[in-house]
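Structure file entry.cif with mmCIF, N, CA and C atoms:
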```
data_target
loop_
_atom_site.label_atom_id
_atom_site.label_comp_id
_atom_site.auth_asym_id
_atom_site.auth_seq_id
_atom_site.Cartn_x
_atom_site.Cartn_y
_atom_site.Cartn_z
N MET A 1 -19.62 -1.00 -10.44
CA MET A 1 -18.20 -1.16 -10.67
C MET A 1 -17.76 -2.52 -10.12
N ALA A 2 -17.21 -3.34 -10.97
CA ALA A 2 -16.70 -4.64 -10.54
C ALA A 2 -15.27 -4.48 -10.04
N ILE A 3 -14.99 -5.09 -8.92
CA ILE A 3 -13.64 -5.04 -8.36
C ILE A 3 -13.03 -6.43 -8.50
N ARG A 4 -11.97 -6.51 -9.29
CA ARG A 4 -11.28 -7.78 -9.53
C ARG A 4 -9.84 -7.77 -9.02
N LYS A 5 -9.23 -6.58 -8.94
CA LYS A 5 -7.85 -6.46 -8.45
C LYS A 5 -7.76 -5.30 -7.47
N VAL A 6 -7.27 -5.60 -6.27
CA VAL A 6 -7.14 -4.61 -5.22
C VAL A 6 -5.65 -4.39 -4.94
N LEU A 7 -5.20 -3.16 -5.04
CA LEU A 7 -3.82 -2.81 -4.71
C LEU A 7 -3.81 -2.24 -3.30
N VAL A 8 -2.95 -2.78 -2.44
CA VAL A 8 -2.88 -2.35 -1.05
C VAL A 8 -1.47 -1.84 -0.77
N ASP A 9 -1.38 -0.57 -0.38
CA ASP A 9 -0.10 0.05 -0.03
C ASP A 9 0.04 0.07 1.48
N ILE A 10 1.08 -0.58 1.98
CA ILE A 10 1.34 -0.57 3.42
C ILE A 10 2.79 -0.22 3.69
N ASP A 11 3.06 0.16 4.92
CA ASP A 11 4.43 0.28 5.41
C ASP A 11 4.68 -1.01 6.18
N VAL A 12 5.39 -1.92 5.56
CA VAL A 12 5.57 -3.25 6.14
C VAL A 12 6.33 -3.20 7.47
N MET A 13 7.05 -2.12 7.73
CA MET A 13 7.79 -1.99 8.98
C MET A 13 6.90 -1.52 10.14
N ALA A 14 5.70 -1.05 9.85
CA ALA A 14 4.77 -0.59 10.90
C ALA A 14 4.21 -1.79 11.66
N PRO A 15 3.84 -1.58 12.91
CA PRO A 15 3.32 -2.70 13.70
C PRO A 15 1.91 -3.14 13.30
N LEU A 16 1.09 -2.22 12.79
CA LEU A 16 -0.28 -2.55 12.40
C LEU A 16 -0.52 -2.19 10.94
N HIS A 17 -1.47 -2.91 10.33
CA HIS A 17 -1.77 -2.69 8.91
C HIS A 17 -3.28 -2.63 8.70
N PRO A 18 -3.91 -1.52 9.13
CA PRO A 18 -5.37 -1.44 9.01
C PRO A 18 -5.87 -1.49 7.57
N ALA A 19 -5.10 -0.97 6.62
CA ALA A 19 -5.52 -1.00 5.22
C ALA A 19 -5.56 -2.43 4.71
N LEU A 20 -4.67 -3.27 5.17
CA LEU A 20 -4.63 -4.65 4.71
C LEU A 20 -5.88 -5.41 5.13
N SER A 21 -6.28 -5.26 6.37
CA SER A 21 -7.47 -5.99 6.83
C SER A 21 -8.72 -5.51 6.10
N GLN A 22 -8.84 -4.21 5.87
CA GLN A 22 -9.99 -3.68 5.13
C GLN A 22 -9.98 -4.17 3.68
N ALA A 23 -8.81 -4.16 3.06
CA ALA A 23 -8.71 -4.59 1.66
C ALA A 23 -9.00 -6.08 1.52
N LEU A 24 -8.56 -6.87 2.49
CA LEU A 24 -8.83 -8.31 2.43
C LEU A 24 -10.32 -8.60 2.58
N ASP A 25 -11.00 -7.83 3.42
CA ASP A 25 -12.44 -7.99 3.55
C ASP A 25 -13.14 -7.62 2.24
N LEU A 26 -12.73 -6.53 1.63
CA LEU A 26 -13.29 -6.11 0.34
C LEU A 26 -13.03 -7.18 -0.72
N ALA A 27 -11.80 -7.68 -0.78
CA ALA A 27 -11.44 -8.69 -1.78
C ALA A 27 -12.23 -9.97 -1.59
N ARG A 28 -12.44 -10.36 -0.36
CA ARG A 28 -13.21 -11.57 -0.07
C ARG A 28 -14.64 -11.41 -0.57
N ARG A 29 -15.25 -10.27 -0.28
CA ARG A 29 -16.63 -10.03 -0.70
C ARG A 29 -16.77 -9.90 -2.21
N ALA A 30 -15.73 -9.36 -2.87
CA ALA A 30 -15.79 -9.14 -4.32
C ALA A 30 -15.15 -10.28 -5.11
N ASP A 31 -14.60 -11.28 -4.41
CA ASP A 31 -13.87 -12.37 -5.05
C ASP A 31 -12.74 -11.81 -5.92
N ALA A 32 -11.96 -10.92 -5.33
CA ALA A 32 -10.90 -10.22 -6.05
C ALA A 32 -9.52 -10.70 -5.60
N ASP A 33 -8.54 -10.43 -6.44
CA ASP A 33 -7.14 -10.69 -6.12
C ASP A 33 -6.57 -9.46 -5.42
N VAL A 34 -5.58 -9.69 -4.56
CA VAL A 34 -4.94 -8.60 -3.82
C VAL A 34 -3.46 -8.56 -4.19
N VAL A 35 -2.96 -7.36 -4.44
CA VAL A 35 -1.53 -7.14 -4.62
C VAL A 35 -1.09 -6.23 -3.48
N LEU A 36 -0.23 -6.75 -2.63
CA LEU A 36 0.27 -6.04 -1.46
C LEU A 36 1.62 -5.42 -1.80
N VAL A 37 1.72 -4.09 -1.64
CA VAL A 37 2.96 -3.40 -2.00
C VAL A 37 3.46 -2.53 -0.85
N ASP A 38 4.76 -2.29 -0.90
CA ASP A 38 5.41 -1.32 -0.04
C ASP A 38 6.31 -0.51 -0.96
N VAL A 39 6.34 0.80 -0.78
CA VAL A 39 7.13 1.67 -1.64
C VAL A 39 8.39 2.09 -0.91
N VAL A 40 9.52 1.86 -1.56
CA VAL A 40 10.82 2.30 -1.04
C VAL A 40 11.28 3.46 -1.91
N ALA A 41 11.44 4.61 -1.30
CA ALA A 41 11.88 5.79 -2.04
C ALA A 41 13.32 5.61 -2.50
N ASP A 42 13.63 6.20 -3.65
CA ASP A 42 15.01 6.17 -4.13
C ASP A 42 15.90 6.96 -3.19
N VAL A 43 17.13 6.52 -3.04
CA VAL A 43 18.09 7.21 -2.19
C VAL A 43 18.59 8.44 -2.95
N PRO A 44 18.48 9.63 -2.34
CA PRO A 44 18.96 10.85 -3.00
C PRO A 44 20.47 10.76 -3.26
N ALA A 45 20.92 11.41 -4.30
CA ALA A 45 22.33 11.37 -4.68
C ALA A 45 23.25 11.82 -3.54
N ARG A 46 22.83 12.84 -2.79
CA ARG A 46 23.70 13.34 -1.71
C ARG A 46 23.77 12.38 -0.52
N ALA A 47 22.86 11.41 -0.46
CA ALA A 47 22.88 10.42 0.63
C ALA A 47 23.62 9.15 0.24
N ARG A 48 24.09 9.08 -0.99
CA ARG A 48 24.80 7.88 -1.46
C ARG A 48 26.08 7.60 -0.68
N THR A 49 26.66 8.61 -0.06
CA THR A 49 27.86 8.38 0.73
C THR A 49 27.54 7.65 2.03
N ILE A 50 26.29 7.78 2.49
CA ILE A 50 25.87 7.14 3.73
C ILE A 50 25.21 5.79 3.45
N VAL A 51 24.36 5.75 2.44
CA VAL A 51 23.62 4.53 2.11
C VAL A 51 24.25 3.88 0.88
N SER A 52 24.96 2.80 1.12
CA SER A 52 25.60 2.10 0.01
C SER A 52 24.57 1.28 -0.76
N ALA A 53 24.95 0.83 -1.93
CA ALA A 53 24.07 -0.01 -2.74
C ALA A 53 23.75 -1.31 -2.01
N ASP A 54 24.72 -1.83 -1.24
CA ASP A 54 24.49 -3.06 -0.48
C ASP A 54 23.43 -2.85 0.61
N ARG A 55 23.50 -1.72 1.31
CA ARG A 55 22.51 -1.42 2.35
C ARG A 55 21.12 -1.23 1.74
N GLU A 56 21.09 -0.56 0.61
CA GLU A 56 19.82 -0.35 -0.08
C GLU A 56 19.21 -1.69 -0.50
N GLN A 57 20.03 -2.56 -1.03
CA GLN A 57 19.55 -3.89 -1.44
C GLN A 57 19.08 -4.70 -0.23
N ALA A 58 19.80 -4.58 0.87
CA ALA A 58 19.39 -5.29 2.10
C ALA A 58 18.04 -4.78 2.60
N LEU A 59 17.80 -3.48 2.50
CA LEU A 59 16.52 -2.90 2.89
C LEU A 59 15.39 -3.45 2.03
N ILE A 60 15.62 -3.52 0.74
CA ILE A 60 14.61 -4.04 -0.18
C ILE A 60 14.35 -5.52 0.10
N GLN A 61 15.38 -6.28 0.36
CA GLN A 61 15.22 -7.70 0.67
C GLN A 61 14.44 -7.89 1.98
N GLU A 62 14.72 -7.07 2.97
CA GLU A 62 14.00 -7.16 4.25
C GLU A 62 12.52 -6.83 4.08
N ARG A 63 12.23 -5.79 3.33
CA ARG A 63 10.83 -5.43 3.09
C ARG A 63 10.12 -6.52 2.28
N THR A 64 10.81 -7.08 1.32
CA THR A 64 10.23 -8.18 0.53
C THR A 64 9.93 -9.38 1.43
N ARG A 65 10.85 -9.71 2.31
CA ARG A 65 10.68 -10.83 3.23
C ARG A 65 9.47 -10.60 4.14
N ARG A 66 9.35 -9.39 4.67
CA ARG A 66 8.23 -9.08 5.56
C ARG A 66 6.88 -9.08 4.82
N LEU A 67 6.88 -8.53 3.60
CA LEU A 67 5.66 -8.57 2.80
C LEU A 67 5.22 -10.01 2.55
N GLU A 68 6.17 -10.86 2.19
CA GLU A 68 5.85 -12.26 1.94
C GLU A 68 5.34 -12.94 3.20
N GLY A 69 5.90 -12.58 4.35
CA GLY A 69 5.43 -13.14 5.61
C GLY A 69 3.97 -12.79 5.88
N LEU A 70 3.61 -11.51 5.64
CA LEU A 70 2.22 -11.10 5.80
C LEU A 70 1.31 -11.81 4.80
N ALA A 71 1.80 -11.93 3.57
CA ALA A 71 1.00 -12.57 2.52
C ALA A 71 0.78 -14.05 2.82
N GLU A 72 1.81 -14.72 3.32
CA GLU A 72 1.67 -16.15 3.63
C GLU A 72 0.59 -16.40 4.68
N LYS A 73 0.51 -15.53 5.68
CA LYS A 73 -0.53 -15.67 6.70
C LYS A 73 -1.91 -15.56 6.07
N GLN A 74 -2.06 -14.67 5.11
CA GLN A 74 -3.36 -14.48 4.46
C GLN A 74 -3.65 -15.59 3.44
N ARG A 75 -2.63 -16.08 2.79
CA ARG A 75 -2.82 -17.21 1.86
C ARG A 75 -3.32 -18.44 2.61
N ALA A 76 -2.82 -18.62 3.83
CA ALA A 76 -3.25 -19.76 4.65
C ALA A 76 -4.74 -19.66 4.97
N LYS A 77 -5.28 -18.43 4.93
CA LYS A 77 -6.71 -18.22 5.19
C LYS A 77 -7.53 -18.21 3.90
N GLY A 78 -6.86 -18.47 2.77
CA GLY A 78 -7.57 -18.56 1.50
C GLY A 78 -7.50 -17.33 0.61
N ALA A 79 -6.78 -16.31 0.99
CA ALA A 79 -6.69 -15.09 0.17
C ALA A 79 -5.78 -15.32 -1.03
N ARG A 80 -6.16 -14.72 -2.14
CA ARG A 80 -5.31 -14.72 -3.34
C ARG A 80 -4.51 -13.42 -3.30
N ILE A 81 -3.26 -13.53 -2.89
CA ILE A 81 -2.47 -12.33 -2.63
C ILE A 81 -1.05 -12.50 -3.15
N THR A 82 -0.54 -11.47 -3.82
CA THR A 82 0.84 -11.43 -4.27
C THR A 82 1.48 -10.18 -3.69
N THR A 83 2.80 -10.09 -3.77
CA THR A 83 3.52 -8.97 -3.17
C THR A 83 4.49 -8.34 -4.15
N LYS A 84 4.79 -7.07 -3.92
CA LYS A 84 5.79 -6.33 -4.70
C LYS A 84 6.37 -5.23 -3.83
N VAL A 85 7.65 -4.97 -4.01
CA VAL A 85 8.25 -3.78 -3.43
C VAL A 85 8.45 -2.82 -4.59
N LEU A 86 7.81 -1.65 -4.50
CA LEU A 86 7.92 -0.64 -5.54
C LEU A 86 9.03 0.34 -5.20
N ARG A 87 9.60 0.95 -6.21
CA ARG A 87 10.70 1.91 -6.02
C ARG A 87 10.32 3.26 -6.56
N GLY A 88 10.80 4.31 -5.89
CA GLY A 88 10.61 5.67 -6.38
C GLY A 88 9.75 6.52 -5.48
N ALA A 89 9.32 7.65 -6.02
CA ALA A 89 8.42 8.54 -5.28
C ALA A 89 7.10 7.80 -5.10
N PRO A 90 6.55 7.80 -3.87
CA PRO A 90 5.36 6.99 -3.60
C PRO A 90 4.19 7.21 -4.55
N THR A 91 3.82 8.46 -4.80
CA THR A 91 2.68 8.72 -5.68
C THR A 91 2.93 8.18 -7.07
N VAL A 92 4.08 8.46 -7.63
CA VAL A 92 4.41 8.02 -8.98
C VAL A 92 4.46 6.50 -9.05
N ALA A 93 5.11 5.87 -8.08
CA ALA A 93 5.24 4.41 -8.07
C ALA A 93 3.86 3.75 -7.97
N LEU A 94 2.99 4.27 -7.12
CA LEU A 94 1.66 3.69 -6.95
C LEU A 94 0.79 3.89 -8.19
N VAL A 95 0.82 5.07 -8.78
CA VAL A 95 0.02 5.32 -9.98
C VAL A 95 0.52 4.44 -11.13
N ARG A 96 1.82 4.30 -11.26
CA ARG A 96 2.37 3.41 -12.31
C ARG A 96 1.90 1.97 -12.10
N GLU A 97 1.90 1.53 -10.85
CA GLU A 97 1.46 0.16 -10.56
C GLU A 97 -0.03 -0.02 -10.84
N VAL A 98 -0.83 0.98 -10.50
CA VAL A 98 -2.27 0.93 -10.78
C VAL A 98 -2.49 0.75 -12.29
N ILE A 99 -1.76 1.53 -13.08
CA ILE A 99 -1.91 1.46 -14.53
C ILE A 99 -1.38 0.14 -15.09
N ALA A 100 -0.17 -0.22 -14.70
CA ALA A 100 0.44 -1.44 -15.23
C ALA A 100 -0.33 -2.69 -14.81
N GLY A 101 -0.82 -2.71 -13.58
CA GLY A 101 -1.51 -3.89 -13.08
C GLY A 101 -3.01 -3.88 -13.30
N ARG A 102 -3.51 -2.77 -13.88
CA ARG A 102 -4.95 -2.62 -14.12
C ARG A 102 -5.78 -2.88 -12.86
N HIS A 103 -5.36 -2.23 -11.79
CA HIS A 103 -6.05 -2.39 -10.51
C HIS A 103 -7.35 -1.59 -10.51
N ASP A 104 -8.34 -2.11 -9.81
CA ASP A 104 -9.65 -1.47 -9.76
C ASP A 104 -9.78 -0.49 -8.60
N ILE A 105 -8.96 -0.68 -7.56
CA ILE A 105 -9.01 0.20 -6.39
C ILE A 105 -7.66 0.15 -5.68
N LEU A 106 -7.28 1.27 -5.09
CA LEU A 106 -6.07 1.37 -4.27
C LEU A 106 -6.51 1.61 -2.84
N VAL A 107 -6.05 0.76 -1.93
CA VAL A 107 -6.38 0.91 -0.51
C VAL A 107 -5.09 1.28 0.22
N ARG A 108 -5.17 2.32 1.05
CA ARG A 108 -3.97 2.83 1.73
C ARG A 108 -4.34 3.36 3.10
N TYR A 109 -3.50 3.11 4.08
CA TYR A 109 -3.67 3.68 5.41
C TYR A 109 -3.25 5.14 5.35
N HIS A 110 -4.18 6.07 5.58
CA HIS A 110 -3.84 7.47 5.37
C HIS A 110 -2.98 8.06 6.47
N GLY A 111 -2.70 7.34 7.53
CA GLY A 111 -1.80 7.84 8.56
C GLY A 111 -0.35 7.57 8.23
N ARG A 112 -0.12 6.89 7.12
CA ARG A 112 1.24 6.46 6.77
C ARG A 112 2.22 7.63 6.65
N ASP A 113 1.83 8.70 6.01
CA ASP A 113 2.73 9.84 5.83
C ASP A 113 2.21 11.09 6.51
N LEU A 114 1.38 10.89 7.52
CA LEU A 114 0.75 11.99 8.22
C LEU A 114 1.74 12.69 9.15
N GLN A 115 1.70 14.01 9.11
CA GLN A 115 2.54 14.80 10.01
C GLN A 115 1.64 15.78 10.75
N ALA A 116 1.92 15.98 12.01
CA ALA A 116 1.16 16.91 12.86
C ALA A 116 -0.32 16.52 12.90
N ALA A 117 -1.19 17.49 12.88
CA ALA A 117 -2.61 17.22 13.06
C ALA A 117 -3.38 17.30 11.74
N LYS A 118 -2.71 17.15 10.62
CA LYS A 118 -3.39 17.22 9.33
C LYS A 118 -4.29 16.00 9.14
N ARG A 119 -5.34 16.19 8.40
CA ARG A 119 -6.29 15.11 8.14
C ARG A 119 -5.70 14.09 7.17
N PHE A 120 -5.04 14.55 6.12
CA PHE A 120 -4.43 13.68 5.13
C PHE A 120 -3.01 14.14 4.86
N GLY A 121 -2.15 13.19 4.49
CA GLY A 121 -0.77 13.51 4.17
C GLY A 121 -0.61 13.95 2.73
N VAL A 122 0.60 14.35 2.38
CA VAL A 122 0.90 14.83 1.04
C VAL A 122 0.64 13.75 -0.01
N VAL A 123 1.11 12.55 0.24
CA VAL A 123 0.92 11.46 -0.72
C VAL A 123 -0.56 11.14 -0.87
N ASP A 124 -1.31 11.14 0.24
CA ASP A 124 -2.75 10.91 0.17
C ASP A 124 -3.42 11.90 -0.78
N MET A 125 -3.13 13.17 -0.61
CA MET A 125 -3.75 14.20 -1.44
C MET A 125 -3.34 14.06 -2.90
N GLN A 126 -2.07 13.74 -3.15
CA GLN A 126 -1.63 13.55 -4.53
C GLN A 126 -2.34 12.36 -5.17
N LEU A 127 -2.51 11.28 -4.41
CA LEU A 127 -3.20 10.11 -4.94
C LEU A 127 -4.67 10.41 -5.23
N LEU A 128 -5.31 11.16 -4.36
CA LEU A 128 -6.71 11.52 -4.59
C LEU A 128 -6.87 12.32 -5.88
N ARG A 129 -5.86 13.12 -6.21
CA ARG A 129 -5.93 13.93 -7.42
C ARG A 129 -5.48 13.18 -8.67
N LYS A 130 -4.47 12.32 -8.55
CA LYS A 130 -3.82 11.77 -9.74
C LYS A 130 -4.10 10.30 -10.05
N CYS A 131 -4.56 9.55 -9.09
CA CYS A 131 -4.73 8.11 -9.29
C CYS A 131 -5.90 7.85 -10.25
N PRO A 132 -5.69 7.00 -11.25
CA PRO A 132 -6.75 6.74 -12.24
C PRO A 132 -7.83 5.77 -11.76
N CYS A 133 -7.71 5.25 -10.55
CA CYS A 133 -8.75 4.37 -10.01
C CYS A 133 -9.18 4.94 -8.65
N PRO A 134 -10.30 4.45 -8.11
CA PRO A 134 -10.71 4.93 -6.78
C PRO A 134 -9.64 4.64 -5.72
N VAL A 135 -9.53 5.56 -4.77
CA VAL A 135 -8.57 5.43 -3.67
C VAL A 135 -9.36 5.37 -2.37
N TRP A 136 -9.10 4.33 -1.57
CA TRP A 136 -9.74 4.20 -0.26
C TRP A 136 -8.66 4.47 0.78
N LEU A 137 -8.79 5.58 1.49
CA LEU A 137 -7.85 5.93 2.54
C LEU A 137 -8.44 5.46 3.86
N VAL A 138 -7.86 4.43 4.42
CA VAL A 138 -8.34 3.83 5.66
C VAL A 138 -7.83 4.66 6.82
N GLY A 139 -8.73 5.02 7.72
CA GLY A 139 -8.38 5.86 8.85
C GLY A 139 -7.84 5.09 10.03
N VAL A 140 -7.33 5.81 10.99
CA VAL A 140 -6.79 5.23 12.21
C VAL A 140 -7.92 4.55 12.98
N GLY A 141 -7.70 3.29 13.32
CA GLY A 141 -8.69 2.56 14.11
C GLY A 141 -9.98 2.26 13.39
N GLU A 142 -9.99 2.43 12.09
CA GLU A 142 -11.21 2.19 11.30
C GLU A 142 -11.50 0.68 11.28
N ARG A 143 -12.71 0.34 11.62
CA ARG A 143 -13.14 -1.06 11.62
C ARG A 143 -14.47 -1.16 10.89
N GLY A 144 -14.71 -2.31 10.34
CA GLY A 144 -15.97 -2.50 9.65
C GLY A 144 -15.99 -1.80 8.30
N ARG A 145 -17.12 -1.88 7.67
CA ARG A 145 -17.28 -1.31 6.34
C ARG A 145 -17.59 0.17 6.45
N PRO A 146 -17.15 0.95 5.47
CA PRO A 146 -17.44 2.39 5.50
C PRO A 146 -18.93 2.65 5.33
N ARG A 147 -19.42 3.68 6.00
CA ARG A 147 -20.84 4.03 5.87
C ARG A 147 -21.09 4.85 4.62
N ARG A 148 -20.09 5.57 4.16
CA ARG A 148 -20.28 6.47 3.04
C ARG A 148 -19.05 6.42 2.13
N ILE A 149 -19.30 6.43 0.83
CA ILE A 149 -18.21 6.48 -0.14
C ILE A 149 -18.45 7.69 -1.02
N VAL A 150 -17.42 8.51 -1.19
CA VAL A 150 -17.54 9.71 -2.00
C VAL A 150 -16.89 9.45 -3.34
#
```
Kindly present the structure from the file in structure tokens form.
Amino acid sequence: MAIRKVLVDIDVMAPLHPALSQALDLARRADADVVLVDVVADVPARARTIVSADREQALIQERTRRLEGLAEKQRAKGARITTKVLRGAPTVALVREVIAGRHDILVRYHGRDLQAAKRFGVVDMQLLRKCPCPVWLVGVGERGRPRRIV
């Protein structure tokens, strides 16, 4: 399987991005392009009284700015990386991006939506079932290359 486009889903507001470092290593070895994304869920109708359209737009602009900041650091090191802020339900938004962008692999930190002591979060499990390309769920503190791929 040739890898030419790597989609990386991160929470840009988090302090660490283990999926990004793993994806960049993979992209470097495969001579692939990287698309760095963050998914912003749509504001529910009942929350519209609290979250105005201006606040929502400011949130998207802040996430875009932070994504670009991370990308610029990697571009300075020679990475071919672009950014996008996706909107909607995370699983749907990511699968749509995989299809539209013809990505070869999706890399995601599986602790992103983890609650309690579960091994994988809801979005992780949905992606494993529905994503049309391989999904690499990077674990907490994972370093180096994986020993086994299923």
What would the selection look like, as a compact mmCIF listing (two decimals) with N, CA and C atoms, in the frame of the given file, if the PyMOL selection byres ((chain A and resi 16-28) around 6) were run on the coordinates I just shared?
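Final output, saved to result07.txt:
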```
# COMPACT_ATOMS: atom_id res chain seq x y z
N ALA A 14 5.70 -1.05 9.85
CA ALA A 14 4.77 -0.59 10.90
C ALA A 14 4.21 -1.79 11.66
N PRO A 15 3.84 -1.58 12.91
CA PRO A 15 3.32 -2.70 13.70
C PRO A 15 1.91 -3.14 13.30
N ARG A 29 -15.25 -10.27 -0.28
CA ARG A 29 -16.63 -10.03 -0.70
C ARG A 29 -16.77 -9.90 -2.21
N ALA A 30 -15.73 -9.36 -2.87
CA ALA A 30 -15.79 -9.14 -4.32
C ALA A 30 -15.15 -10.28 -5.11
N ASP A 31 -14.60 -11.28 -4.41
CA ASP A 31 -13.87 -12.37 -5.05
C ASP A 31 -12.74 -11.81 -5.92
N ALA A 32 -11.96 -10.92 -5.33
CA ALA A 32 -10.90 -10.22 -6.05
C ALA A 32 -9.52 -10.70 -5.60
N ASP A 33 -8.54 -10.43 -6.44
CA ASP A 33 -7.14 -10.69 -6.12
C ASP A 33 -6.57 -9.46 -5.42
N VAL A 107 -6.05 0.76 -1.93
CA VAL A 107 -6.38 0.91 -0.51
C VAL A 107 -5.09 1.28 0.22
N ARG A 108 -5.17 2.32 1.05
CA ARG A 108 -3.97 2.83 1.73
C ARG A 108 -4.34 3.36 3.10
N TYR A 109 -3.50 3.11 4.08
CA TYR A 109 -3.67 3.68 5.41
C TYR A 109 -3.25 5.14 5.35
N VAL A 138 -7.86 4.43 4.42
CA VAL A 138 -8.34 3.83 5.66
C VAL A 138 -7.83 4.66 6.82
```
Could you tell me which of A:Arg87, A:Arg75, A:Arg102, A:Arg63 comes closest to A:Val6 if we count only C-alpha atoms?
-> A:Arg102
Written as a PyMOL selection string, what is the full residue list that the PyMOL selection byres ((chain A and resi 34) around 7) yields on the file shown?
-> chain A and resi 4-8+27+32-33+35-36+79-83
Taking only residues of stretch 42-110 of chain A that have an atom at most 7 Å from an atom of stretch 119-123 of chain A, what is each one's shortest atom pair and its distance in Å to one decimal, using all atoms listed in the file, in chain and number order, as a tab-separated table?
```
residue	atom	partner	partner_atom	distance
A:Pro90	C	A:Val123	CA	6.6
A:Thr91	N	A:Val123	CA	5.8
A:His110	C	A:Gly121	N	5.6
```
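In the backbone-derived DSSP annotation, strand (DSSP E) within stretch 69-117 of chain A comprises Ile81, Thr82, Thr83, Lys84, Val85, Leu86, Arg87, Ile105, Leu106, Val107, Arg108 and Tyr109 of chain A.
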Please, which residues of chain A, numbered as in this document, come out alpha helix (DSSP H) from DSSP, as number ranges by chain?
-> A: 18-30, 53-75, 90-101, 122-130
So how far away is atom CA of A:Lys84 from atom N of A:Leu127, in Å?
-> 19.5 Å
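Rounded to one decimal, atom N of A:Ile105 and atom N of A:Val40 lie 19.6 Å from each other.
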A:Val95 proximity check over A:Ala2, A:Leu67, A:Cys133, A:Ile10, using only N, CA and C atoms: winner is A:Cys133
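The interatomic distance for the pair atom CA of A:Gln57 and atom CA of A:Gln126 works out to 27.6 Å.
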Take every atom of stretch 24-27 of chain A listed in the file, pad by 8 Å on each side, and give me the axis-aligned box centre and edge lengths in Å, one decimal, as JSON.
```
{"center_x": -10.9, "center_y": -8.0, "center_z": 0.9, "size_x": 20.7, "size_y": 19.9, "size_z": 21.3}
```
For A:Leu106, the closest of A:Leu137, A:Ala89, A:Glu68, A:Leu128 counting all atoms listed in the file is A:Leu137
Evaluate the PyMOL selection byres (((chain A and resi 41 and name CA) around 12) and name CA) on the structure here and hand back the selected residues as a PyMOL selection string.
-> chain A and resi 11+38-40+42-44+56+59-60+85-94
